[in-house]
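Coordinates from input08.cif are shown below (mmCIF, C-alpha atoms).
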```
data_start
#
loop_
_atom_site.label_atom_id
_atom_site.label_comp_id
_atom_site.auth_asym_id
_atom_site.auth_seq_id
_atom_site.Cartn_x
_atom_site.Cartn_y
_atom_site.Cartn_z
CA MET A 12 -50.39 8.94 6.27
CA THR A 13 -54.17 8.77 6.15
CA ASN A 14 -55.91 10.36 3.19
CA LYS A 15 -58.81 11.46 5.39
CA ILE A 16 -59.47 14.34 7.75
CA THR A 17 -61.53 13.41 10.82
CA TYR A 18 -63.60 15.89 12.83
CA GLU A 19 -64.73 14.89 16.32
CA PHE A 20 -67.62 16.29 18.31
CA PRO A 21 -67.88 15.30 22.03
CA LEU A 22 -71.41 14.88 23.31
CA ASN A 23 -70.79 15.64 26.98
CA GLU A 24 -68.52 17.87 29.06
CA ARG A 25 -66.48 14.97 30.45
CA ILE A 26 -65.33 13.80 27.01
CA ARG A 27 -64.80 17.41 25.93
CA VAL A 28 -62.30 17.91 28.77
CA PHE A 29 -60.60 14.56 28.07
CA ILE A 30 -60.03 15.49 24.40
CA ARG A 31 -58.67 18.92 25.33
CA LEU A 32 -56.22 17.29 27.73
CA GLU A 33 -55.26 14.69 25.14
CA GLN A 34 -54.33 17.49 22.73
CA LEU A 35 -52.35 19.36 25.41
CA PHE A 36 -50.42 16.22 26.41
CA LYS A 37 -49.49 15.65 22.75
CA GLN A 38 -48.36 19.26 22.42
CA PHE A 39 -46.31 18.95 25.61
CA ASN A 40 -44.55 15.82 24.32
CA HIS A 41 -43.80 17.52 21.01
CA PHE A 42 -42.13 20.52 22.65
CA LEU A 43 -40.49 18.34 25.32
CA ASN A 44 -38.58 16.53 22.58
CA GLY A 45 -37.42 19.77 20.97
CA ALA A 46 -33.97 21.00 21.98
CA SER A 47 -34.35 24.76 21.51
CA VAL A 48 -35.08 27.38 24.17
CA TRP A 49 -38.38 28.10 22.41
CA ASP A 50 -39.40 24.43 22.61
CA LYS A 51 -38.84 24.45 26.37
CA ARG A 52 -40.74 27.72 26.80
CA ALA A 53 -43.64 26.26 24.80
CA ALA A 54 -43.57 23.01 26.81
CA LEU A 55 -43.87 24.98 30.06
CA ASN A 56 -46.74 27.08 28.67
CA VAL A 57 -48.61 23.88 27.73
CA LEU A 58 -47.94 22.39 31.18
CA LEU A 59 -49.45 25.51 32.75
CA ASP A 60 -52.56 25.06 30.56
CA ILE A 61 -52.82 21.45 31.75
CA MET A 62 -52.61 22.58 35.38
CA THR A 63 -55.33 25.18 34.77
CA ILE A 64 -57.72 22.46 33.56
CA PHE A 65 -56.87 20.31 36.58
CA SER A 66 -57.56 23.21 38.95
CA ARG A 67 -61.10 23.57 37.55
CA ASN A 68 -62.12 19.91 37.37
CA ASP A 69 -62.17 16.86 39.65
CA LEU A 70 -60.56 14.79 36.92
CA LYS A 71 -59.52 11.86 39.08
CA SER A 72 -63.13 11.26 40.10
CA GLU A 73 -64.39 11.70 36.52
CA LEU A 74 -61.82 9.24 35.15
CA LEU A 75 -62.59 6.63 37.79
CA LYS A 76 -66.31 6.87 36.99
CA GLU A 77 -65.61 6.43 33.29
CA LEU A 78 -63.24 3.50 33.85
CA ASP A 79 -65.82 1.81 36.06
CA ARG A 80 -68.45 2.26 33.35
CA ASN A 81 -66.02 0.87 30.75
CA SER A 82 -65.31 -2.16 32.92
CA LYS A 83 -69.03 -2.95 33.24
CA ALA A 84 -69.55 -2.54 29.49
CA LEU A 85 -66.63 -4.85 28.69
CA ASN A 86 -67.87 -7.49 31.14
CA LYS A 87 -71.26 -7.47 29.39
CA LEU A 88 -69.50 -8.16 26.09
CA ALA A 89 -67.96 -11.30 27.56
CA HIS A 90 -71.31 -13.07 27.09
CA SER A 91 -71.69 -12.05 23.44
CA GLN A 92 -71.00 -14.41 20.57
CA GLY A 93 -68.01 -13.80 18.33
CA VAL A 94 -66.10 -11.78 20.92
CA ASP A 95 -62.30 -12.16 20.96
CA SER A 96 -61.88 -13.35 24.56
CA GLU A 97 -58.13 -12.80 24.58
CA LYS A 98 -58.46 -9.21 23.40
CA LEU A 99 -61.35 -8.59 25.82
CA ASN A 100 -59.38 -9.90 28.80
CA GLN A 101 -56.43 -7.73 27.79
CA LEU A 102 -58.65 -4.61 27.74
CA LEU A 103 -60.22 -5.53 31.09
CA GLY A 104 -56.72 -5.90 32.54
CA GLU A 105 -55.69 -2.48 31.22
CA VAL A 106 -58.81 -0.85 32.66
CA SER A 107 -58.27 -2.55 36.03
CA GLN A 108 -54.59 -1.57 36.24
CA THR A 109 -55.31 2.02 35.23
CA SER A 110 -58.03 2.31 37.90
CA LYS A 111 -55.72 0.90 40.59
CA LYS A 112 -53.02 3.45 39.76
CA LEU A 113 -55.50 6.31 39.98
CA TYR A 114 -56.91 5.05 43.28
CA ALA A 115 -53.37 4.78 44.65
CA SER A 116 -52.54 8.42 43.89
CA SER A 117 -53.19 10.67 46.87
CA GLY A 118 -53.77 14.39 47.22
CA LYS A 119 -54.55 16.95 44.55
CA ILE A 120 -52.90 15.89 41.31
CA GLY A 121 -49.99 18.10 40.27
CA ILE A 122 -49.97 20.22 43.43
CA HIS A 123 -46.39 19.21 44.30
CA VAL A 124 -45.17 20.93 41.11
CA MET A 125 -45.72 24.28 42.85
CA GLU A 126 -43.18 23.25 45.49
CA SER A 127 -40.53 24.25 42.95
CA ASP A 128 -39.75 27.96 43.45
CA LEU A 129 -38.68 28.22 39.81
CA PHE A 130 -41.89 26.70 38.48
CA GLN A 131 -43.96 28.83 40.85
CA SER A 132 -42.22 31.99 39.59
CA ILE A 133 -42.83 30.99 35.96
CA ALA A 134 -46.51 30.27 36.71
CA GLN A 135 -47.00 33.67 38.40
CA ARG A 136 -45.31 35.66 35.64
CA SER A 137 -46.94 33.73 32.76
CA SER A 138 -50.26 35.48 33.37
CA ILE A 139 -48.57 38.71 32.17
CA PRO A 140 -48.08 38.99 28.37
CA GLY A 141 -44.35 38.62 27.79
CA GLY A 142 -43.88 38.38 31.55
CA THR A 143 -41.17 35.72 31.46
CA CYS A 144 -38.45 37.79 29.76
CA SER A 145 -34.88 37.41 31.01
CA PHE A 146 -35.05 40.68 32.99
CA ASP A 147 -38.27 39.48 34.71
CA LEU A 148 -37.03 35.99 35.56
CA PRO A 149 -33.22 35.75 35.41
CA GLU A 150 -33.37 32.32 37.10
CA PHE A 151 -35.63 31.06 34.31
CA HIS A 152 -33.26 32.55 31.72
CA TYR A 153 -30.38 30.71 33.39
CA TRP A 154 -32.38 27.45 33.38
CA LEU A 155 -33.21 27.81 29.70
CA GLU A 156 -29.50 28.08 28.87
CA GLN A 157 -28.59 24.85 30.67
CA GLU A 158 -27.68 21.62 28.92
CA GLU A 159 -30.61 19.65 27.47
CA PRO A 160 -30.42 16.73 29.99
CA ILE A 161 -30.88 19.18 32.89
CA ARG A 162 -33.92 20.88 31.35
CA LEU A 163 -35.40 17.56 30.26
CA LYS A 164 -35.04 16.07 33.74
CA ASP A 165 -36.86 19.02 35.35
CA LEU A 166 -39.68 18.99 32.80
CA GLN A 167 -40.17 15.25 33.20
CA GLN A 168 -40.24 15.64 36.98
CA TRP A 169 -42.79 18.47 36.81
CA SER A 170 -45.04 16.55 34.41
CA SER A 171 -44.72 13.08 36.03
CA PRO A 172 -47.81 13.47 38.33
CA PHE A 173 -49.97 13.61 35.20
CA ASN A 174 -48.66 10.39 33.60
CA ASP A 175 -51.33 8.08 35.07
CA ILE A 176 -54.05 10.59 34.13
CA ARG A 177 -52.76 10.75 30.57
CA ASN A 178 -52.69 6.94 30.28
CA ALA A 179 -56.26 6.76 31.59
CA ILE A 180 -57.48 9.38 29.10
CA ASP A 181 -55.72 7.62 26.20
CA LEU A 182 -57.32 4.29 27.18
CA ILE A 183 -60.82 5.73 27.58
CA LEU A 184 -60.75 7.71 24.31
CA ASN A 185 -59.33 4.75 22.42
CA LEU A 186 -62.18 2.54 23.67
CA ILE A 187 -64.77 5.16 22.69
CA ARG A 188 -63.32 5.89 19.25
CA ASN A 189 -63.17 2.21 18.32
CA SER A 190 -66.60 1.30 19.67
CA SER A 191 -68.52 1.97 16.46
CA ASP A 192 -68.18 1.03 12.80
CA GLU A 193 -68.17 3.73 10.15
CA THR A 194 -71.13 4.22 7.85
CA ARG A 195 -70.99 5.90 4.45
CA GLU A 196 -73.26 8.90 4.18
CA ILE A 197 -74.10 11.75 1.79
CA ALA A 198 -74.68 15.30 2.98
CA LYS A 199 -77.26 16.72 0.56
CA ALA A 200 -76.26 20.25 -0.41
CA GLY A 201 -73.64 20.11 2.33
CA PHE A 202 -76.11 19.36 5.14
CA PHE A 203 -76.68 16.25 7.24
CA GLN A 204 -78.66 15.64 10.44
CA ILE A 205 -77.96 12.88 12.96
CA SER A 206 -80.64 11.60 15.33
CA LEU A 207 -79.30 9.67 18.32
CA ASP A 208 -81.18 7.09 20.37
CA ARG A 209 -81.79 8.67 23.79
CA SER A 210 -81.55 5.28 25.51
CA GLN A 211 -77.96 4.78 24.32
CA PRO A 212 -74.90 6.41 25.99
CA TYR A 213 -73.49 8.16 22.93
CA GLN A 214 -70.30 10.03 23.76
CA LEU A 215 -68.69 11.11 20.50
CA VAL A 216 -69.52 11.77 16.86
CA LYS A 217 -66.80 11.37 14.24
CA VAL A 218 -67.04 12.70 10.68
CA SER A 219 -64.34 11.82 8.15
CA LEU A 220 -63.90 12.99 4.58
CA ASP A 221 -61.29 12.68 1.91
CA LYS A 222 -58.52 15.27 2.00
CA SER A 223 -59.03 15.96 -1.70
CA LEU A 224 -62.47 17.43 -1.00
CA ARG A 225 -62.27 21.17 -0.42
CA TYR A 226 -64.62 21.34 2.56
CA PHE A 227 -64.43 21.27 6.32
CA ALA A 228 -67.07 19.82 8.66
CA GLU A 229 -68.86 22.08 11.13
CA ILE A 230 -70.68 19.95 13.73
CA SER A 231 -73.18 21.27 16.27
CA GLY A 232 -75.92 19.92 18.51
CA GLY A 233 -76.20 17.76 21.59
CA LYS A 234 -76.58 14.21 22.83
CA HIS A 235 -79.94 13.67 21.04
CA ARG A 236 -79.43 15.35 17.69
CA CYS A 237 -76.47 16.74 15.75
CA THR A 238 -76.12 18.59 12.48
CA VAL A 239 -73.16 18.51 10.13
CA ARG A 240 -72.55 21.30 7.67
CA PHE A 241 -69.78 21.05 5.10
CA MET A 242 -68.31 24.49 4.63
CA VAL A 243 -66.21 25.91 1.81
CA PRO A 244 -63.18 27.80 3.20
CA SER A 245 -63.06 31.45 2.20
CA HIS A 246 -60.09 32.76 0.23
CA ASP A 247 -60.99 36.45 0.48
CA GLU A 248 -61.30 36.81 4.30
CA LYS A 249 -65.10 36.53 4.18
CA ARG A 250 -67.13 34.01 6.16
CA PRO A 251 -67.06 30.41 4.89
CA LEU A 252 -70.22 29.32 3.08
CA GLN A 253 -72.08 26.01 3.24
CA SER A 254 -71.40 23.88 0.17
CA SER A 255 -74.19 23.44 -2.35
CA ASP A 256 -72.69 20.09 -3.42
CA ASP A 257 -73.63 16.63 -2.20
CA VAL A 258 -70.69 15.66 0.01
CA PRO A 259 -69.72 12.00 0.64
CA PHE A 260 -68.33 11.25 4.12
CA THR A 261 -68.11 8.54 6.75
CA LEU A 262 -69.86 8.78 10.11
CA SER A 263 -69.23 7.09 13.46
CA CYS A 264 -71.55 7.54 16.46
CA CYS A 265 -69.49 6.20 19.36
CA GLN A 266 -71.35 5.04 22.46
CA PHE A 267 -68.98 2.78 24.42
#
```

Structure translated into structure tokens:
Amino acid sequence: MTNKITYEFPLNERIRVFIRLEQLFKQFNHFLNGASVWDKRAALNVLLDIMTIFSRNDLKSELLKELDRNSKALNKLAHSQGVDSEKLNQLLGEVSQTSKKLYASSGKIGIHVMESDLFQSIAQRSSIPGGTCSFDLPEFHYWLEQEEPIRLKDLQQWSSPFNDIRNAIDLILNLIRNSSDETREIAKAGFFQISLDRSQPYQLVKVSLDKSLRYFAEISGGKHRCTVRFMVPSHDEKRPLQSSDDVPFTLSCCQF
């Protein structure tokens, strides 16, 4: 277990969507592996959230653009001194394979899920608070009471169209997060400002601090300048206040 808490702040809409999807995929996997009826209900709710994001964004195109940019950046590194050629070639291979899989997928991602009458019924009723009760959807109630292998098989089938997308997002975010070394900083009276070089493609800011420190990081700004405020959580239901202490933390400005 790490003894640090890390706060991330995406610097563009593309990375913001990728991180949201990353969190949803992790939630889905967590509930997928749970055996209770409530785990399966939660897994389906998360899957519906994933589909909502896909319906609003051309994610395949965005991912292919990002993978192409990553490939060009990695190829430039090949001419730098001190680069681990074996590791670099491995990453280039992963990027290439991931791109090929995305190119090979046809049609709107996840659309075939709605071919299932059961899933379609769940999706329609889920917009109503409490709308998937047993008296609303007796078929869903029946499905929830089936043996675990049956429920697991259906959930895996419904989520399978998103597997290549998830792998692409994991690869891209991993490359970004590991593209910059940490620097040790001090936030004077709980405040720190970050100026970013406009000529560099910064994508993500990471702020980490020791768990023993009783603050949380509130990051705001854009791709040219960000501010970090270290806030003291309220214990009396009032608004958190900015710390008056000098707060030590580590900073990463990721630009891969």

*A:Leu35, A:Leu224, A:Ile16, A:Leu59: which is nearest Ser137 of chain A, counting all atoms listed in the file?*
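Under the stated criterion, the closest residue is A:Leu59.
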
Contact check, segment 118-237 of chain A to segment 92-107 of chain A, at most 9 Å, counting only C-alpha atoms, closest pairs as JSON lines:
```
{"residue": "A:Ala179", "atom": "CA", "partner": "A:Val106", "partner_atom": "CA", "distance": 8.1}
{"residue": "A:Leu182", "atom": "CA", "partner": "A:Val106", "partner_atom": "CA", "distance": 7.7}
{"residue": "A:Ile183", "atom": "CA", "partner": "A:Val106", "partner_atom": "CA", "distance": 8.6}
{"residue": "A:Leu186", "atom": "CA", "partner": "A:Leu102", "partner_atom": "CA", "distance": 9.0}
```

*Looking at only C-alpha atoms, which of A:Trp49, A:Phe36, A:Phe29, A:Tyr226 is the one that sits closest to His152 of chain A?*
A:Trp49

Residues in the PyMOL selection byres ((chain A and resi 47) around 12), expressed as a CSV table (one decimal) with C-alpha atoms, in the frame of the given file:
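The result, written out as part34.csv:
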```csv
chain,number,residue,atom,x,y,z
A,41,HIS,CA,-43.8,17.5,21.0
A,42,PHE,CA,-42.1,20.5,22.6
A,43,LEU,CA,-40.5,18.3,25.3
A,44,ASN,CA,-38.6,16.5,22.6
A,45,GLY,CA,-37.4,19.8,21.0
A,46,ALA,CA,-34.0,21.0,22.0
A,48,VAL,CA,-35.1,27.4,24.2
A,49,TRP,CA,-38.4,28.1,22.4
A,50,ASP,CA,-39.4,24.4,22.6
A,51,LYS,CA,-38.8,24.4,26.4
A,52,ARG,CA,-40.7,27.7,26.8
A,53,ALA,CA,-43.6,26.3,24.8
A,54,ALA,CA,-43.6,23.0,26.8
A,155,LEU,CA,-33.2,27.8,29.7
A,156,GLU,CA,-29.5,28.1,28.9
A,157,GLN,CA,-28.6,24.8,30.7
A,158,GLU,CA,-27.7,21.6,28.9
A,159,GLU,CA,-30.6,19.6,27.5
A,162,ARG,CA,-33.9,20.9,31.4
A,163,LEU,CA,-35.4,17.6,30.3
```

*asked:* Taking the file as I've supplied it (selection: the PyMOL selection byres ((chain A and resi 123) around 12)), which residues are included? Please answer as a PyMOL selection string.
replied: chain A and resi 62+117-122+124-128+130-131+168-173

*Selection dump of the PyMOL selection byres ((chain A and resi 247-254) around 10), as JSON, numbers by chain*: {"A": [198, 199, 200, 201, 202, 225, 226, 227, 228, 229, 240, 241, 242, 243, 244, 245, 246, 255, 256, 257, 258]}

*Phe151 of chain A: which residues within 10 Å, counting all atoms listed in the file, same-chain residues fewer than 6 positions away excluded, as a ChimeraX atom specification?*
/A:52,129-130,132-133,143-145

Resulting file, chosen residues, C-alpha atoms, as a compact mmCIF listing (two decimals), in the coordinates of the input:
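Output (again_26.txt):
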```txt
# COMPACT_ATOMS: atom_id res chain seq x y z
CA ARG A 52 -40.74 27.72 26.80
CA LEU A 129 -38.68 28.22 39.81
CA PHE A 130 -41.89 26.70 38.48
CA SER A 132 -42.22 31.99 39.59
CA ILE A 133 -42.83 30.99 35.96
CA THR A 143 -41.17 35.72 31.46
CA CYS A 144 -38.45 37.79 29.76
CA SER A 145 -34.88 37.41 31.01
```

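By chain and then residue number, the residues within 10 Å of Leu207 of chain A are Gln211, Pro212, Tyr213, Gly233, Lys234, His235, Arg236, Cys237 and Cys264 of chain A, counting all atoms listed in the file and disregarding those fewer than 4 positions away in sequence.
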
Selection to disk with C-alpha atoms, as an mmCIF file, in the coordinates of the input:
```cif
data_model
loop_
_atom_site.group_PDB
_atom_site.id
_atom_site.type_symbol
_atom_site.label_atom_id
_atom_site.label_comp_id
_atom_site.auth_asym_id
_atom_site.auth_seq_id
_atom_site.Cartn_x
_atom_site.Cartn_y
_atom_site.Cartn_z
ATOM 1 C CA GLN A 211 -77.960 4.780 24.320
ATOM 2 C CA PRO A 212 -74.900 6.410 25.990
ATOM 3 C CA TYR A 213 -73.490 8.160 22.930
ATOM 4 C CA GLY A 233 -76.200 17.760 21.590
ATOM 5 C CA LYS A 234 -76.580 14.210 22.830
ATOM 6 C CA HIS A 235 -79.940 13.670 21.040
ATOM 7 C CA ARG A 236 -79.430 15.350 17.690
ATOM 8 C CA CYS A 237 -76.470 16.740 15.750
ATOM 9 C CA CYS A 264 -71.550 7.540 16.460
#
```

*Could you pull out every residue with an atom within 9 Å of (-68.8, 9.1, -0.2), file coordinates, counting all atoms listed in the file, and send them as a list in words?*
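Nearby residues: Arg195, Glu196, Ile197, Leu220, Asp221, Val258, Pro259, Phe260 and Thr261 of chain A.
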
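As for atom CA of Gln34 of chain A and atom CA of Gln204 of chain A, they are spaced 27.3 Å apart.
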
*So what do you get for atom CA of Ala89 of chain A versus atom CA of Asn185 of chain A, distance-wise?*
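The value is 18.9 Å.
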
*Could you jot down the atom CA of Leu85 of chain A to atom CA of Asn178 of chain A separation for me, Å, one decimal place?*
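Computing the Euclidean distance for atom CA of Leu85 of chain A and atom CA of Asn178 of chain A yields 18.3 Å.
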
*Find, counting only C-alpha atoms, the residue in A:Ser219, A:Thr238, A:Ser116, A:Ser190 that gets nearest to Tyr18 of chain A.*
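Closest to Tyr18 of chain A, using only C-alpha atoms: A:Ser219.
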
*Leaving out Leu75 of chain A and any residue of its chain fewer than 3 positions from it, which residues lie within 10 Å of it when counting all atoms listed in the file, given as a VMD selection string?*
chain A and resid 70 to 72 78 to 81 106 109 to 111 113 to 114 179

*Return the single residue from A:Ile61, A:Leu32, A:Ala115, A:Ile180 that is closest to Leu74 of chain A, with distances computed using all atoms listed in the file.*
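Among A:Ile61, A:Leu32, A:Ala115, A:Ile180, it is A:Ile180 that comes nearest to Leu74 of chain A.
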
*Kindly provide, as a PyMOL selection string, the polymer residues lying within 7 Å of (-56.9, 12.6, 3.8), counting all atoms listed in the file and using the coordinates exactly as they appear in the file.*
chain A and resi 13-16+221-223

Take segment 173-190 of chain A, bring it up to N, CA, C and O atoms, and give me the output as an mmCIF file, in the frame of the given file.
```cif
data_model
loop_
_atom_site.group_PDB
_atom_site.id
_atom_site.type_symbol
_atom_site.label_atom_id
_atom_site.label_comp_id
_atom_site.auth_asym_id
_atom_site.auth_seq_id
_atom_site.Cartn_x
_atom_site.Cartn_y
_atom_site.Cartn_z
ATOM 1 N N PHE A 173 -48.859 13.712 36.143
ATOM 2 C CA PHE A 173 -49.970 13.610 35.200
ATOM 3 C C PHE A 173 -49.894 12.354 34.326
ATOM 4 O O PHE A 173 -50.786 12.130 33.509
ATOM 5 N N ASN A 174 -48.846 11.545 34.486
ATOM 6 C CA ASN A 174 -48.660 10.390 33.600
ATOM 7 C C ASN A 174 -49.804 9.391 33.689
ATOM 8 O O ASN A 174 -50.296 8.903 32.660
ATOM 9 N N ASP A 175 -50.234 9.047 34.907
ATOM 10 C CA ASP A 175 -51.330 8.080 35.070
ATOM 11 C C ASP A 175 -52.633 8.631 34.506
ATOM 12 O O ASP A 175 -53.427 7.889 33.912
ATOM 13 N N ILE A 176 -52.845 9.939 34.683
ATOM 14 C CA ILE A 176 -54.050 10.590 34.130
ATOM 15 C C ILE A 176 -54.015 10.505 32.606
ATOM 16 O O ILE A 176 -55.022 10.176 31.962
ATOM 17 N N ARG A 177 -52.864 10.797 32.033
ATOM 18 C CA ARG A 177 -52.760 10.750 30.570
ATOM 19 C C ARG A 177 -53.034 9.346 30.054
ATOM 20 O O ARG A 177 -53.751 9.166 29.065
ATOM 21 N N ASN A 178 -52.469 8.327 30.703
ATOM 22 C CA ASN A 178 -52.690 6.940 30.280
ATOM 23 C C ASN A 178 -54.171 6.569 30.369
ATOM 24 O O ASN A 178 -54.701 5.873 29.494
ATOM 25 N N ALA A 179 -54.830 7.053 31.426
ATOM 26 C CA ALA A 179 -56.260 6.760 31.590
ATOM 27 C C ALA A 179 -57.079 7.417 30.481
ATOM 28 O O ALA A 179 -57.988 6.801 29.907
ATOM 29 N N ILE A 180 -56.767 8.671 30.163
ATOM 30 C CA ILE A 180 -57.480 9.380 29.100
ATOM 31 C C ILE A 180 -57.259 8.696 27.749
ATOM 32 O O ILE A 180 -58.201 8.503 26.973
ATOM 33 N N ASP A 181 -56.015 8.307 27.465
ATOM 34 C CA ASP A 181 -55.720 7.620 26.200
ATOM 35 C C ASP A 181 -56.515 6.322 26.090
ATOM 36 O O ASP A 181 -57.060 6.002 25.022
ATOM 37 N N LEU A 182 -56.592 5.559 27.181
ATOM 38 C CA LEU A 182 -57.320 4.290 27.180
ATOM 39 C C LEU A 182 -58.805 4.516 26.953
ATOM 40 O O LEU A 182 -59.433 3.858 26.108
ATOM 41 N N ILE A 183 -59.380 5.465 27.686
ATOM 42 C CA ILE A 183 -60.820 5.730 27.580
ATOM 43 C C ILE A 183 -61.189 6.213 26.170
ATOM 44 O O ILE A 183 -62.146 5.720 25.561
ATOM 45 N N LEU A 184 -60.430 7.176 25.645
ATOM 46 C CA LEU A 184 -60.750 7.710 24.310
ATOM 47 C C LEU A 184 -60.542 6.676 23.225
ATOM 48 O O LEU A 184 -61.286 6.645 22.237
ATOM 49 N N ASN A 185 -59.556 5.818 23.397
ATOM 50 C CA ASN A 185 -59.330 4.750 22.420
ATOM 51 C C ASN A 185 -60.508 3.777 22.399
ATOM 52 O O ASN A 185 -60.970 3.359 21.327
ATOM 53 N N LEU A 186 -61.021 3.425 23.584
ATOM 54 C CA LEU A 186 -62.180 2.540 23.670
ATOM 55 C C LEU A 186 -63.400 3.178 23.004
ATOM 56 O O LEU A 186 -64.146 2.514 22.267
ATOM 57 N N ILE A 187 -63.607 4.462 23.255
ATOM 58 C CA ILE A 187 -64.770 5.160 22.690
ATOM 59 C C ILE A 187 -64.648 5.250 21.162
ATOM 60 O O ILE A 187 -65.595 4.927 20.433
ATOM 61 N N ARG A 188 -63.492 5.675 20.691
ATOM 62 C CA ARG A 188 -63.320 5.890 19.250
ATOM 63 C C ARG A 188 -63.466 4.605 18.431
ATOM 64 O O ARG A 188 -63.860 4.647 17.267
ATOM 65 N N ASN A 189 -63.112 3.483 19.036
ATOM 66 C CA ASN A 189 -63.170 2.210 18.320
ATOM 67 C C ASN A 189 -64.413 1.395 18.635
ATOM 68 O O ASN A 189 -64.489 0.212 18.317
ATOM 69 N N SER A 190 -65.409 2.038 19.247
ATOM 70 C CA SER A 190 -66.600 1.300 19.670
ATOM 71 C C SER A 190 -67.683 1.234 18.595
ATOM 72 O O SER A 190 -68.696 0.576 18.781
#
```
